[in-house]
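Q: I am attaching a structure below and will ask some questions about it afterwards.
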Amino acid sequence: MERVDAYPTREYQGFKLRPGKSFPFGATFVPGGVNFSIYSSHATACSLVLFDKGQAQPKVEIPFPDEYRIGNVFSMIVFDLNYENIEYGYRMDGPCDPQQGHRFDSSKILLDPYAKAISGRDVWGQAPNWENIFPHRSLLVFDDFDWDNDRPLEIPMEDLVIYEMHVRSFTRHPSSGVKFPGTFAGIRQKLPYLKDLGANCIELMPIYEFDEFENSRIHPETGETLMNYWGYSTVGFFAPKSGLAATGKMGMQVDELKALVKDLHRNGIEVFLDVVFNHTAEGNEKGPYISFRGIDNKTYYMLTPEGYYFNFSGTGNTLNCNNPVVRNIVLDCLRYWASEYHIDGFRFDLASILGRDPSGYPLSNPPLLESLAYDPILAKCKLIAEAWDAGGLYQVGSFPAYGRWAEWNGKYRDGLRRYLKGEPGLVEDIALRIQGSPDLYSSRGPTASINFITCHDGFTLNDLVSYNDKHNEANGEGNQDGGNDNNSWNCGWEGPTTDTGINSLRLRQMKNAVAMLLVSQGVPMILMGDELGRTQNGNNNTYCQDNALNWFDWNLMDSSSELFRFFSNCIKFRLAHPIFRNRWHLSNQDRVGSGYADITWHGTKAWNPDWSSSSRLLAFMLNGKHARGGIVEDNDIYVATNMHWDSHWFELPRLPEGKNWSVSVNTSVNTPEDIWEVGHEPMLDNQNEILLGDRSVVILVGK
Amino acid sequence: MEIIQSIEHDVNVVRITGDLDGNTAPTAQAQIMLLASPNVKIVLDMSEVSFMSSAGLRMLLVMYRTLISKSGKVVLVGLSEDIRDTMSMTGFLDFFSYHETLDDGLKTLSLG
């Protein structure tokens, strides 16, 4: 049946109009036209500005008639638009009184905060026209993608192995061999590699539209163009970055990303997004007008009493996340990505900011975090917090969780790194980290702990064992940027060396790290390229490098096949053994009557761990009858770690009659006997004790 | 944009010439849908299509969904490399069977 509202009621300069619907916000297709809806708490007038694609000047500006505004929402239907050829924005009028928080400027054309695709940076790195009066333009997007029967995979949290990836870095290197390097499509072409590795979740560093040219500059010495490469600076929260899509120049980035998600799901791989809601690309009072500043500055930003921007993010401004209006747009945004893109989970950059009130004070019960935790659409999405911010709030272990939120466990990273480099006094801490940090997450369970040793922030795994200090000169900031608390050890020489002893120790240290990571309770996360020993030449903050410092060099597949094999077998071993993937904390007691506690602790003498402050050795045994709280039966697993510079004999705990210890991993043995395929572990000749070489890890399976 | 139809044995051959975009896709769709009788077999010859926009891709998929709901079959032939890449990256190609040449397309449908 034809709808009554399919007909215009008014005409303006040849454009046919009708009062719009306030809901939903943004631009939506309706019969015969497009519904435009936008809100501002303080604007006094608003016009819709339409451009033909790529044109310097608007084709028309249509003021919203007064009766087209309901509450603070301006909405209008425009008929007969050639939707593929339209770019749109808004012009807002209102007070400009920075002390009062208002910065309206009717000379600016503003991006729709709800824009589902954005033009202006269509092809990565293509120099924009700096004279453009409207550089980031909203596009109209069809939301009719054909998902067949796909939906988010809902893999239980405890079963995930996360692989953190930058879309461009993954395939931009010429060695990737993909047809469209550096794009969503490129990732799809590398699916077989991801399957070989075995991770079942990829976490994409920012893919919301950002401007790679934000603060771009030339390095005074190297001449290299430094860019906003990582993209932790959002232009539009609803739009995938065009420059990360091979089809971005045709405006089809939405379909390309959805096709990637669908294909990953088909292959059993979840997709998480790293989302940046703590600030925007508009910077401080000296920054550009892109969208929020000109639409409703006082609502969207945390402002000092004098009207300046609070800077809890370290980037110039702070999104006012616990203003009810801003809270809603964040919720709308995540709902959109979960429902329209079938995204499986979100990692929130500097998430502690999301728990601050409009004056910047930490809230005990932050409404935004609570809304996200209880939202019906997000109900099965994984929510992961980077539980700190640049304003000094550090909430690892205390982030308001509502039974939902997991955290990047910074204490896991720091503890494991220090233990790995042979610092004494850490065995008690390591015992907690390996158990999923029950000291931090007693009521939340180990799945609250995202365990990682490396992530995009900081050294790669190879650099962690190759450098004592950061080497960030390439960033052009006099090596002042990036963290200094790396807890790294170069194994005897700073940087690359031909010393075979050092190189073999480094390789072993990398194996030690991943082995410990993958037998820890909680959710392991691996940084892209660590499985091939990717280096950033000691740079621990490559946020601005669009070059080989970030690009994944696929030639490493030949030279680092040993490490890759080790990584992928460790992942497969973890996924084969439910005993590593408990939803609830181990009790250190025998609650199923197996004769053994679920986890028991050992040292060079079985049953006698050395907890002393000089200890660098720790072994533990997981009893198979306790897997998943005793619901399933698994093998017994024994893990011994020797971070001392000498080798030590470890006495093995005795297995029940009829079972024997087989060796799965021994990092001090040469490949291919450093790790065995699941199910093919050879039985140990000596069932009483095993020699652990200096700085090595052994994993045994009782069967 | 121009559409020429012919019949080879029991297969409808539809040859599209020109661009398929927001302006031309509705016309193309309307014309092709006239053929949408039960069990129809269609070869879409795209060798003279130089550009296809998002609207063009959507037209193809709507046509595909309509035809299979009537137990029909559709095969694409003669896709340019650009168009095939775009269709592949955006997931549209997953729905279609496609062949290099018209002959191959006809063979597939005659056998099927």
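For the structure tokens, the naming scheme is as follows: chains receive sequential letters (A, B, ...) according to their order of presentation, residues are indexed from 1 within each chain, and ligands are indexed from 1 in presentation order.
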With DSSP run on the backbone, what are the strand (DSSP E) residues within region 447-682 of chain A? I'd like them as a PyMOL selection string.

A: chain A and resi 449-452+523-527+599-602+617-622+636-642+648-651+661-666

Q: Would you pick out the contacts of Ser449 (chain A) at 6 Å or less, using only C-alpha atoms, so that residues sharing its chain but fewer than 2 positions from it are not included, and give the list as a PyMOL selection string?

A: chain A and resi 406-407+409+446-447+451+522

Q: Could the residues in this selection be saved with C-alpha atoms as an mmCIF file, in the first residue's frame?

A:
```cif
data_model
loop_
_atom_site.group_PDB
_atom_site.id
_atom_site.type_symbol
_atom_site.label_atom_id
_atom_site.label_comp_id
_atom_site.auth_asym_id
_atom_site.auth_seq_id
_atom_site.Cartn_x
_atom_site.Cartn_y
_atom_site.Cartn_z
ATOM 1 C CA ALA A 406 36.603 -7.249 30.852
ATOM 2 C CA GLU A 407 39.857 -5.306 31.067
ATOM 3 C CA ASN A 409 45.169 -6.474 32.281
ATOM 4 C CA PRO A 446 39.274 -14.956 34.834
ATOM 5 C CA THR A 447 37.360 -13.917 31.722
ATOM 6 C CA ASN A 451 46.063 -11.291 29.224
ATOM 7 C CA GLY A 522 41.829 -15.607 31.181
#
```

Q: Restrict the calculation to only C-alpha atoms, then for each residue of chain B with any atom at most 6 Å from an atom of chain A give the closest atom pair and their distance in Å to one decimal, rows by chain and rising residue number, as a tab-separated table.

A:
```
residue	atom	partner	partner_atom	distance
B:Met89	CA	A:Glu256	CA	5.5
B:Thr90	CA	A:Glu256	CA	4.2
B:Gly91	CA	A:Ala259	CA	4.9
```

Q: Taking only C-alpha atoms into account, which of B:Val49, B:Glu100, B:Val43, B:Leu93 comes nearest His9 (chain B)?

A: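 The answer is B:Val43, which sits nearest to His9 (chain B).
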
Q: Got a sec: who's within 8 Å of Asp21 (chain B), counting only C-alpha atoms, leaving out chain neighbours fewer than 6 positions off, as a ChimeraX atom specification?

A: /B:51-56

Q: For the residues in that selection, give me C-alpha atoms as an mmCIF file, in the first residue's frame.

A:
```
data_model
loop_
_atom_site.group_PDB
_atom_site.id
_atom_site.type_symbol
_atom_site.label_atom_id
_atom_site.label_comp_id
_atom_site.auth_asym_id
_atom_site.auth_seq_id
_atom_site.Cartn_x
_atom_site.Cartn_y
_atom_site.Cartn_z
ATOM 1 C CA PHE B 51 31.173 0.878 -14.709
ATOM 2 C CA MET B 52 28.896 -0.414 -12.007
ATOM 3 C CA SER B 53 28.057 1.578 -8.878
ATOM 4 C CA SER B 54 26.624 0.447 -5.599
ATOM 5 C CA ALA B 55 23.127 0.827 -7.067
ATOM 6 C CA GLY B 56 24.072 -1.430 -9.969
#
```

Q: Give me the residues near region 65-73 of chain B as a PyMOL selection string, where near means some atom within 7 Å (using only C-alpha atoms) and where sequence neighbours in that chain fewer than 4 positions away do not count.

A: chain B and resi 36-42+61

Q: If you run DSSP on the backbone, which residues of region 210-456 of chain A are alpha helix (DSSP H), as a VMD selection string?

A: chain A and resid 253 to 266 292 to 300 324 to 340 367 to 374 410 to 420 427 to 434

Q: So how many Å separate CA of Thr234 (chain A) and CA of His265 (chain A), to one decimal?

A: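 Spanning CA of Thr234 (chain A) to CA of His265 (chain A) is a straight-line distance of 26.1 Å.
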
Q: Got a sec: who's within 12 Å of Arg404 (chain A), counting only C-alpha atoms, leaving out chain neighbours fewer than 4 positions off, as an mmCIF file with N, CA and C atoms, in the first residue's frame?

A:
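Once written, part.cif looks like this:
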```
data_model
loop_
_atom_site.group_PDB
_atom_site.id
_atom_site.type_symbol
_atom_site.label_atom_id
_atom_site.label_comp_id
_atom_site.auth_asym_id
_atom_site.auth_seq_id
_atom_site.Cartn_x
_atom_site.Cartn_y
_atom_site.Cartn_z
ATOM 1 N N MET A 157 33.560 -16.253 26.011
ATOM 2 C CA MET A 157 34.712 -15.394 26.280
ATOM 3 C C MET A 157 35.962 -16.206 26.611
ATOM 4 N N GLY A 345 32.486 -7.726 19.440
ATOM 5 C CA GLY A 345 32.946 -7.151 20.697
ATOM 6 C C GLY A 345 33.641 -5.825 20.470
ATOM 7 N N PHE A 346 33.812 -5.092 21.545
ATOM 8 C CA PHE A 346 34.425 -3.772 21.459
ATOM 9 C C PHE A 346 35.490 -3.631 22.542
ATOM 10 N N LEU A 369 28.549 3.368 31.300
ATOM 11 C CA LEU A 369 29.060 1.999 31.386
ATOM 12 C C LEU A 369 27.944 1.037 31.780
ATOM 13 N N GLU A 370 27.056 1.523 32.634
ATOM 14 C CA GLU A 370 25.933 0.688 33.047
ATOM 15 C C GLU A 370 24.986 0.458 31.869
ATOM 16 N N SER A 371 24.681 1.513 31.118
ATOM 17 C CA SER A 371 23.784 1.365 29.962
ATOM 18 C C SER A 371 24.338 0.364 28.968
ATOM 19 N N LEU A 372 25.615 0.447 28.703
ATOM 20 C CA LEU A 372 26.218 -0.475 27.737
ATOM 21 C C LEU A 372 26.149 -1.909 28.254
ATOM 22 N N ALA A 373 26.381 -2.075 29.542
ATOM 23 C CA ALA A 373 26.389 -3.420 30.116
ATOM 24 C C ALA A 373 25.014 -4.074 30.050
ATOM 25 N N TYR A 374 23.958 -3.270 30.153
ATOM 26 C CA TYR A 374 22.611 -3.847 30.222
ATOM 27 C C TYR A 374 21.833 -3.708 28.920
ATOM 28 N N ASP A 375 22.458 -3.194 27.869
ATOM 29 C CA ASP A 375 21.718 -2.945 26.637
ATOM 30 C C ASP A 375 21.295 -4.249 25.961
ATOM 31 N N LEU A 378 23.410 -5.087 22.750
ATOM 32 C CA LEU A 378 24.810 -5.393 23.047
ATOM 33 C C LEU A 378 24.963 -6.572 24.004
ATOM 34 N N ALA A 379 23.840 -7.199 24.340
ATOM 35 C CA ALA A 379 23.836 -8.162 25.439
ATOM 36 C C ALA A 379 24.854 -9.284 25.288
ATOM 37 N N LYS A 380 25.128 -9.700 24.059
ATOM 38 C CA LYS A 380 26.066 -10.796 23.867
ATOM 39 C C LYS A 380 27.429 -10.311 23.359
ATOM 40 N N CYS A 381 27.584 -9.012 23.191
ATOM 41 C CA CYS A 381 28.876 -8.458 22.743
ATOM 42 C C CYS A 381 29.873 -8.486 23.895
ATOM 43 N N LYS A 382 31.111 -8.719 23.543
ATOM 44 C CA LYS A 382 32.150 -8.601 24.551
ATOM 45 C C LYS A 382 32.513 -7.123 24.711
ATOM 46 N N LEU A 383 32.628 -6.688 25.951
ATOM 47 C CA LEU A 383 32.995 -5.302 26.240
ATOM 48 C C LEU A 383 34.312 -5.324 27.000
ATOM 49 N N ILE A 384 35.304 -4.676 26.442
ATOM 50 C CA ILE A 384 36.648 -4.708 27.030
ATOM 51 C C ILE A 384 37.134 -3.281 27.252
ATOM 52 N N ALA A 385 37.583 -3.018 28.454
ATOM 53 C CA ALA A 385 38.040 -1.668 28.785
ATOM 54 C C ALA A 385 39.551 -1.601 28.810
ATOM 55 N N PHE A 399 37.583 -1.456 37.472
ATOM 56 C CA PHE A 399 36.718 -0.806 36.488
ATOM 57 C C PHE A 399 35.269 -1.230 36.739
ATOM 58 N N PRO A 400 34.325 -0.268 36.710
ATOM 59 C CA PRO A 400 32.931 -0.651 36.987
ATOM 60 C C PRO A 400 32.444 -1.668 35.955
ATOM 61 N N TYR A 441 40.214 -9.827 40.063
ATOM 62 C CA TYR A 441 38.884 -10.113 39.521
ATOM 63 C C TYR A 441 38.189 -11.208 40.317
ATOM 64 N N SER A 443 35.461 -11.517 41.963
ATOM 65 C CA SER A 443 34.046 -11.813 41.735
ATOM 66 C C SER A 443 33.719 -11.896 40.249
ATOM 67 N N ARG A 444 34.652 -11.483 39.422
ATOM 68 C CA ARG A 444 34.338 -11.392 37.991
ATOM 69 C C ARG A 444 34.821 -12.603 37.207
ATOM 70 N N GLY A 445 35.727 -13.346 37.774
ATOM 71 C CA GLY A 445 36.236 -14.535 37.075
ATOM 72 C C GLY A 445 37.372 -14.177 36.129
ATOM 73 N N THR A 447 37.686 -14.489 33.030
ATOM 74 C CA THR A 447 37.360 -13.917 31.722
ATOM 75 C C THR A 447 37.341 -12.388 31.762
ATOM 76 N N ALA A 448 37.420 -11.810 32.943
ATOM 77 C CA ALA A 448 37.542 -10.347 33.020
ATOM 78 C C ALA A 448 38.943 -9.901 32.651
ATOM 79 N N SER A 449 39.860 -10.856 32.588
ATOM 80 C CA SER A 449 41.266 -10.522 32.368
ATOM 81 C C SER A 449 41.687 -10.794 30.932
#
```

Q: Applying 12 Å and only C-alpha atoms, which residues near Gln509 (chain A) remain after dropping the ones on its own chain fewer than 5 positions away? List them as JSON, numbers by chain.

A: {"A": [416, 417, 419, 420, 421, 422, 461, 462, 463, 464, 465, 466, 488, 489, 490, 491, 502, 503, 504, 514, 515, 516, 533, 563, 641, 642, 643, 644, 645, 666, 667, 668, 694, 695, 696, 697]}

Q: Just the selected residues (C-alpha atoms), exported as a short mmCIF file (atom, residue, chain, number, x, y, z; two decimals), in the first residue's frame, please.

A:
```cif
data_model
loop_
_atom_site.label_atom_id
_atom_site.label_comp_id
_atom_site.auth_asym_id
_atom_site.auth_seq_id
_atom_site.Cartn_x
_atom_site.Cartn_y
_atom_site.Cartn_z
CA LEU A 416 55.03 -11.40 32.91
CA ARG A 417 57.59 -9.09 31.35
CA TYR A 419 59.45 -12.40 35.31
CA LEU A 420 60.53 -13.17 31.76
CA LYS A 421 63.60 -10.95 32.02
CA GLY A 422 64.62 -12.75 35.19
CA LEU A 461 57.62 -9.12 21.30
CA ASN A 462 60.81 -9.24 19.26
CA ASP A 463 61.77 -5.76 20.43
CA LEU A 464 60.92 -6.63 24.02
CA VAL A 465 63.76 -9.15 23.94
CA SER A 466 66.05 -7.01 21.75
CA SER A 488 62.32 -5.17 28.50
CA TRP A 489 65.69 -6.89 28.27
CA ASN A 490 67.88 -6.98 25.19
CA CYS A 491 69.58 -10.29 26.07
CA ILE A 502 72.02 -13.82 21.76
CA ASN A 503 69.72 -14.55 18.86
CA SER A 504 68.94 -18.00 20.09
CA VAL A 514 53.89 -17.05 24.32
CA ALA A 515 53.96 -20.41 26.12
CA MET A 516 53.19 -18.76 29.46
CA GLY A 533 59.15 -11.81 15.32
CA LEU A 563 58.48 -19.10 15.73
CA THR A 641 59.08 -22.14 34.19
CA ASN A 642 62.71 -21.44 34.83
CA MET A 643 63.64 -17.79 34.41
CA HIS A 644 66.98 -18.30 36.09
CA TRP A 645 70.23 -18.10 34.11
CA ASN A 666 60.37 -27.57 25.91
CA THR A 667 61.72 -24.21 24.81
CA SER A 668 65.35 -25.14 25.52
CA ASP A 694 68.36 -21.80 31.60
CA ARG A 695 65.43 -19.44 30.88
CA SER A 696 63.04 -21.99 29.56
CA VAL A 697 59.53 -23.33 29.83
#
```

Q: Suppose you want the space between CA of Ile118 (chain A) and CA of Ile329 (chain A); what is it in Å?

A: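 So the answer is 17.4 Å.
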
Q: Interatomic distance between CA of Phe277 (chain A) and CA of Ile450 (chain A)?

A: 20.0 Å

Q: At a cut-off of 10 Å, using only C-alpha atoms, what residues contact Glu81 (chain B)? Leave out same-chain residues fewer than 5 positions from it and give the result as a list in words.

A: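 The neighbour list is Ser50, Thr86 and Met87 of chain B.
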